[in-house]
Amino acid sequence: MNRYIIFLLLFLSGTIEAQDYSIQAIPDSLKKDAYAVIRYEECVFSQSDVNNATEKETKVITVLNEKGKDLAHIHFLQDKFRKLKNFSGEIILESGKVFKKIGKGDLVTTAVSSNLADDNVWTYYYCSSPSYPFTLKYSYELEWKNGLAGYPVFAPMEPSVSLEKSVHQIQIPSSFSIHYKGNSVSPEPEKKTTNNGFSYTWVYENAPAITPEPLAPGFYSLTPLVYVAPDTFCYDGACGNMSTWQYTGQFLSQLLDKRDVLPPVIEAKVKELIKDNSTETVSSIYKYLQETMRYVSIQLGIGGFQPASAAQVAKTGFGDCKALTNYMKAMLNVAGIQSEYAIVHTEKKKMFPDFSSLNQANHVILLVPLGNDSIWLECTSKEYPFDYPHSGIAGHDVLLVSGEKSRLCTVRDNSAKMNMEINRIQIQLNPDASIRSQVQCSYKNQVIEEWLNFVINLSEKEKVNTLSRKLSVQRPQISDIQTDYVRSSLPEIHLGYTLESAMYANRTGARLLLPVNPFKFSVGKILTSSTRKYNIHIDSPISRTDSISLEIPAGYQMESMPKPVLLESPFGTFSVSVEENGSKYQFVYQVNIPAGEYPVARYPEIRKFFNDIDKNVAAKIMLKNTAGNT
């Protein structure tokens, strides 16, 4: 009987090794639009107790062309919770010949990090082959220790990569329980009882490559994504329950306990900042935080979830998002103002209301509820205004960490109506085709975020180069740059400069040809493909006005110019208005494109609308010299 079992195991092992991973065996349907094909991928995560587990990974990937070369690079994270135990791999050429075998000694490990302090090290191998296509096969095992607050995520697809088969299995002891959540395209797991407990297995196979498209829905709304989390857990000695958001909040609340004690000197300073009005008090303390603290990233053990104490932040003058938020909360406590620590994800707007896990957040902010008002504070930035929900948090779900009162809520979002760009330019055109003009630009609400670095950090030369790139003007000369940053909950940046050009217009005999709108602006270039697979998703609304005042030189008359235009569609509006007053002309371009999602069947309509906008923006003026001199 034992011999039979051994023979059977050897037979099955041989069957796996004999799997046809030749490049010729890849179906044409999986080669289409793909840079690479994942032939087989398996993750088996086996938890032995609350602190320990093993993760075994196997992957076979065929890289079809040079565009996919980075997809074969291997990397894993090691820290005090994960350690690489073994590794083996090989690179196989199209002919089937093994080009190179890879062992653990070929891997490179580095502790280089963008964080001030963490305990992470990256282990990697940069894979290369003398020719394409080639296949990489590798297996490794990671030892998990010191607790775990989550399991590996099942995300079998990558952009421009097709998939033959992916298997993801979680094994837990019988005394443990888990909860999981997949998106709408994720498979359901197969649950089995094992000798030691339970296994959950997800399988996804025969999936063609998804080619990224502009304005597409998020990639992981199109492909499977499954989160798995333990109901009860321990992590670096701290234990808790995350079966619900309330319990998760209670666990995080425990990590904040007794970490809000401030030194007497800081308490005294806070009391000096107290105003008659609660909002003004919060504002003055927030300003003090921005003036005296700086942000650094720190990820050390439980420090990934637990902030440094307020006393430590006061001593060092820096902290990460958790520490600075906790410090601000501690200062508000001294002022008698309650606030709530909140975890949020800066890229994903939504948290699953029916699935709680710590890996759905990557940032911490502060909520100060004052009566009917909710003040949201980004405690890591010296530049953002008081009570300004920036684009990384506006409209995002958060977990308010308040013990038994922990709950999900959503940060207010002002972007739909308040994001605006307004450009004004007064152009005096000279007979020699040169101009001297004054430019005034205003950026409102979240539009300021792409200009903050311009205002605060760029040198004069860098500012000139940035502004030049935003103009459709030959050899622009930019001078006298002035900026004004209005810090408010709906912030604004005002920018002014002088623009000159010796070649604003092109001369053709007695005629001058010149652009109406000197500002670069295009929406049509976003949607260039004639075909489309996925719905169109506009996440950030566009509201822009370009106002151009043009005075033409004496002796010239307008031969042709744009006419008034009004384009109205379900996707937004666009208009051009024209006013004439002697030798002076006023052209106003207005575009408003709201956020929204549209079915792929409407792609021809939205593409035409965007292209029609571009055609009108690109219109030119023709002037004729009637005085007889050039």
# chains A, B, ... in the order shown; residues from 1 in each chain; ligands from 1
$ residues_around --residues "Ile552 in chain A" --least-positions-apart "5" --cutoff "12 Å" --atoms "only C-alpha atoms" --output "number ranges by chain"
A: 426-435, 505, 512-514, 516, 557-559, 580-586, 621-625
$ residues_around --residues "Phe587 in chain A" --least-positions-apart "2" --cutoff "6 Å" --atoms "only C-alpha atoms" --output "MDAnalysis selection string"
chainID A and resid 547:548 577:578
$ residues_around --residues "Thr109 in chain A" --least-positions-apart "2" --cutoff "7 Å" --atoms "only C-alpha atoms" --output "list in words"
Leu107, Ala111, Val121, Trp122, Thr123 and Tyr124 of chain A
$ write_last_selection --atoms "C-alpha atoms" --output "mmCIF file, in the first residue's frame"
data_model
loop_
_atom_site.group_PDB
_atom_site.id
_atom_site.type_symbol
_atom_site.label_atom_id
_atom_site.label_comp_id
_atom_site.auth_asym_id
_atom_site.auth_seq_id
_atom_site.Cartn_x
_atom_site.Cartn_y
_atom_site.Cartn_z
ATOM 1 C CA LEU A 107 19.088 36.867 -5.945
ATOM 2 C CA ALA A 111 17.464 47.496 2.212
ATOM 3 C CA VAL A 121 14.362 44.436 2.489
ATOM 4 C CA TRP A 122 13.665 43.742 -1.160
ATOM 5 C CA THR A 123 14.954 40.580 -2.777
ATOM 6 C CA TYR A 124 14.931 40.599 -6.549
#
$ residues_around --residues "Ala361 in chain A" --least-positions-apart "2" --cutoff "8 Å" --atoms "only C-alpha atoms" --output "JSON, numbers by chain"
{"A": [343, 344, 345, 346, 358, 359, 363]}
$ closest_residue --among "A:Asn195, A:Gln250, A:Ser175, A:Arg544" --to "Lys405 in chain A" --atoms "only C-alpha atoms"
A:Gln250
$ atom_distance --atom1 "CA of Glu568 in chain A" --atom2 "CA of Gly524 in chain A"
16.0 Å
$ closest_residue --among "A:Tyr200, A:Phe154, A:Tyr341, A:Tyr556" --to "Thr223 in chain A" --atoms "only C-alpha atoms"
A:Phe154
$ residues_around --residues "range 72-89 of chain A" --least-positions-apart "4" --cutoff "8 Å" --atoms "only C-alpha atoms" --output "MDAnalysis selection string"
chainID A and resid 61 63 68 101:104 119:127 136:148 301
$ write_last_selection --atoms "N, CA, C and O atoms" --output "CSV table (one decimal), in the first residue's frame"
chain,number,residue,atom,x,y,z
A,61,ILE,N,6.0,31.9,-16.7
A,61,ILE,CA,5.5,33.0,-17.5
A,61,ILE,C,6.3,33.0,-18.8
A,61,ILE,O,7.6,32.9,-18.8
A,63,VAL,N,7.4,35.3,-21.9
A,63,VAL,CA,7.5,36.7,-22.3
A,63,VAL,C,7.6,36.6,-23.8
A,63,VAL,O,8.5,36.1,-24.4
A,68,GLY,N,7.4,43.1,-22.9
A,68,GLY,CA,7.1,42.4,-21.7
A,68,GLY,C,8.2,42.0,-20.8
A,68,GLY,O,8.1,41.3,-19.9
A,101,LYS,N,20.0,28.4,-15.2
A,101,LYS,CA,19.3,28.1,-14.0
A,101,LYS,C,19.6,29.1,-12.9
A,101,LYS,O,20.7,29.7,-12.9
A,102,ILE,N,18.6,29.4,-12.1
A,102,ILE,CA,18.7,30.5,-11.1
A,102,ILE,C,18.5,29.8,-9.7
A,102,ILE,O,17.6,29.1,-9.5
A,103,GLY,N,19.4,30.2,-8.8
A,103,GLY,CA,19.4,29.7,-7.5
A,103,GLY,C,19.2,30.8,-6.5
A,103,GLY,O,19.3,32.0,-6.9
A,104,LYS,N,19.1,30.5,-5.3
A,104,LYS,CA,18.9,31.5,-4.2
A,104,LYS,C,20.1,32.5,-4.2
A,104,LYS,O,20.0,33.7,-3.9
A,119,ASP,N,11.7,48.2,8.3
A,119,ASP,CA,12.5,46.9,8.5
A,119,ASP,C,12.3,46.0,7.2
A,119,ASP,O,12.5,44.8,7.3
A,120,ASN,N,12.0,46.7,6.1
A,120,ASN,CA,11.8,45.9,4.9
A,120,ASN,C,13.1,45.8,4.1
A,120,ASN,O,14.0,46.7,4.1
A,121,VAL,N,13.3,44.6,3.5
A,121,VAL,CA,14.4,44.4,2.5
A,121,VAL,C,13.7,43.8,1.2
A,121,VAL,O,12.8,43.0,1.3
A,122,TRP,N,14.2,44.3,0.1
A,122,TRP,CA,13.7,43.7,-1.2
A,122,TRP,C,14.7,42.7,-1.7
A,122,TRP,O,15.8,43.0,-1.8
A,123,THR,N,14.1,41.6,-2.1
A,123,THR,CA,15.0,40.6,-2.8
A,123,THR,C,14.5,40.5,-4.2
A,123,THR,O,13.2,40.4,-4.4
A,124,TYR,N,15.4,40.6,-5.2
A,124,TYR,CA,14.9,40.6,-6.5
A,124,TYR,C,15.9,39.9,-7.5
A,124,TYR,O,17.1,39.7,-7.1
A,125,TYR,N,15.4,39.6,-8.7
A,125,TYR,CA,16.3,39.1,-9.7
A,125,TYR,C,15.8,39.7,-11.0
A,125,TYR,O,14.6,39.6,-11.4
A,126,TYR,N,16.7,40.4,-11.7
A,126,TYR,CA,16.3,41.0,-13.0
A,126,TYR,C,16.6,40.0,-14.1
A,126,TYR,O,17.7,39.6,-14.4
A,127,CYS,N,15.5,39.5,-14.7
A,127,CYS,CA,15.6,38.4,-15.7
A,127,CYS,C,15.9,39.0,-17.1
A,127,CYS,O,15.3,40.0,-17.5
A,136,LEU,N,10.1,31.8,-18.3
A,136,LEU,CA,10.7,31.8,-16.9
A,136,LEU,C,9.9,30.9,-16.0
A,136,LEU,O,8.6,31.1,-15.9
A,137,LYS,N,10.5,30.0,-15.4
A,137,LYS,CA,9.8,29.1,-14.4
A,137,LYS,C,10.6,29.3,-13.0
A,137,LYS,O,11.8,29.3,-13.0
A,138,TYR,N,9.8,29.5,-12.0
A,138,TYR,CA,10.5,29.6,-10.7
A,138,TYR,C,9.5,29.3,-9.5
A,138,TYR,O,8.3,29.3,-9.7
A,139,SER,N,10.1,28.9,-8.4
A,139,SER,CA,9.3,28.5,-7.2
A,139,SER,C,10.1,29.0,-6.0
A,139,SER,O,11.3,29.1,-6.0
A,140,TYR,N,9.3,29.4,-5.0
A,140,TYR,CA,10.0,29.9,-3.8
A,140,TYR,C,9.1,29.7,-2.6
A,140,TYR,O,7.8,29.4,-2.8
A,141,GLU,N,9.6,29.7,-1.4
A,141,GLU,CA,8.8,29.6,-0.2
A,141,GLU,C,9.2,30.7,0.8
A,141,GLU,O,10.4,31.0,1.0
A,142,LEU,N,8.2,31.4,1.3
A,142,LEU,CA,8.3,32.4,2.3
A,142,LEU,C,7.8,31.9,3.7
A,142,LEU,O,6.8,31.3,3.7
A,143,GLU,N,8.6,32.1,4.7
A,143,GLU,CA,8.2,31.8,6.0
A,143,GLU,C,7.6,33.1,6.7
A,143,GLU,O,8.2,34.1,6.7
A,144,TRP,N,6.3,33.0,7.1
A,144,TRP,CA,5.6,34.1,7.8
A,144,TRP,C,5.7,33.8,9.3
A,144,TRP,O,5.5,32.7,9.8
A,145,LYS,N,6.1,34.8,10.0
A,145,LYS,CA,6.2,34.7,11.5
A,145,LYS,C,5.8,36.0,12.2
A,145,LYS,O,5.6,37.0,11.5
A,146,ASN,N,5.8,35.9,13.5
A,146,ASN,CA,5.5,37.1,14.3
A,146,ASN,C,4.1,37.6,14.1
A,146,ASN,O,3.8,38.8,14.3
A,147,GLY,N,3.2,36.8,13.6
A,147,GLY,CA,1.8,37.2,13.4
A,147,GLY,C,1.5,37.6,12.0
A,147,GLY,O,2.4,38.0,11.2
A,148,LEU,N,0.2,37.6,11.6
A,148,LEU,CA,-0.2,38.1,10.3
A,148,LEU,C,-1.6,38.8,10.4
A,148,LEU,O,-2.5,38.3,11.1
A,301,GLY,N,7.6,47.1,12.2
A,301,GLY,CA,6.8,46.2,12.9
A,301,GLY,C,5.4,46.7,13.1
A,301,GLY,O,4.7,47.1,12.1
$ select_by_dssp --residues "range 548-579 of chain A" --states "strand (DSSP E or B)" --output "list in words"
Ile548, Ser549, Leu550, Glu551, Tyr556, Gln557, Met558, Glu559, Ser560, Val565, Leu566, Leu567, Glu568, Ser569, Gly572, Thr573, Phe574, Ser575, Val576, Ser577, Val578 and Glu579 of chain A
$ select_by_dssp --residues "range 388-561 of chain A" --states "alpha helix (DSSP H)" --output "ChimeraX atom specification"
/A:415-418,452-456,460-469
$ atom_distance --atom1 "CA of Asn65 in chain A" --atom2 "CA of Ser131 in chain A"
8.7 Å
$ closest_residue --among "A:Tyr497, A:Gly555, A:Thr279, A:Phe610" --to "Arg511 in chain A" --atoms "only C-alpha atoms"
A:Gly555
$ atom_distance --atom1 "CA of Tyr151 in chain A" --atom2 "CA of Tyr35 in chain A"
28.8 Å
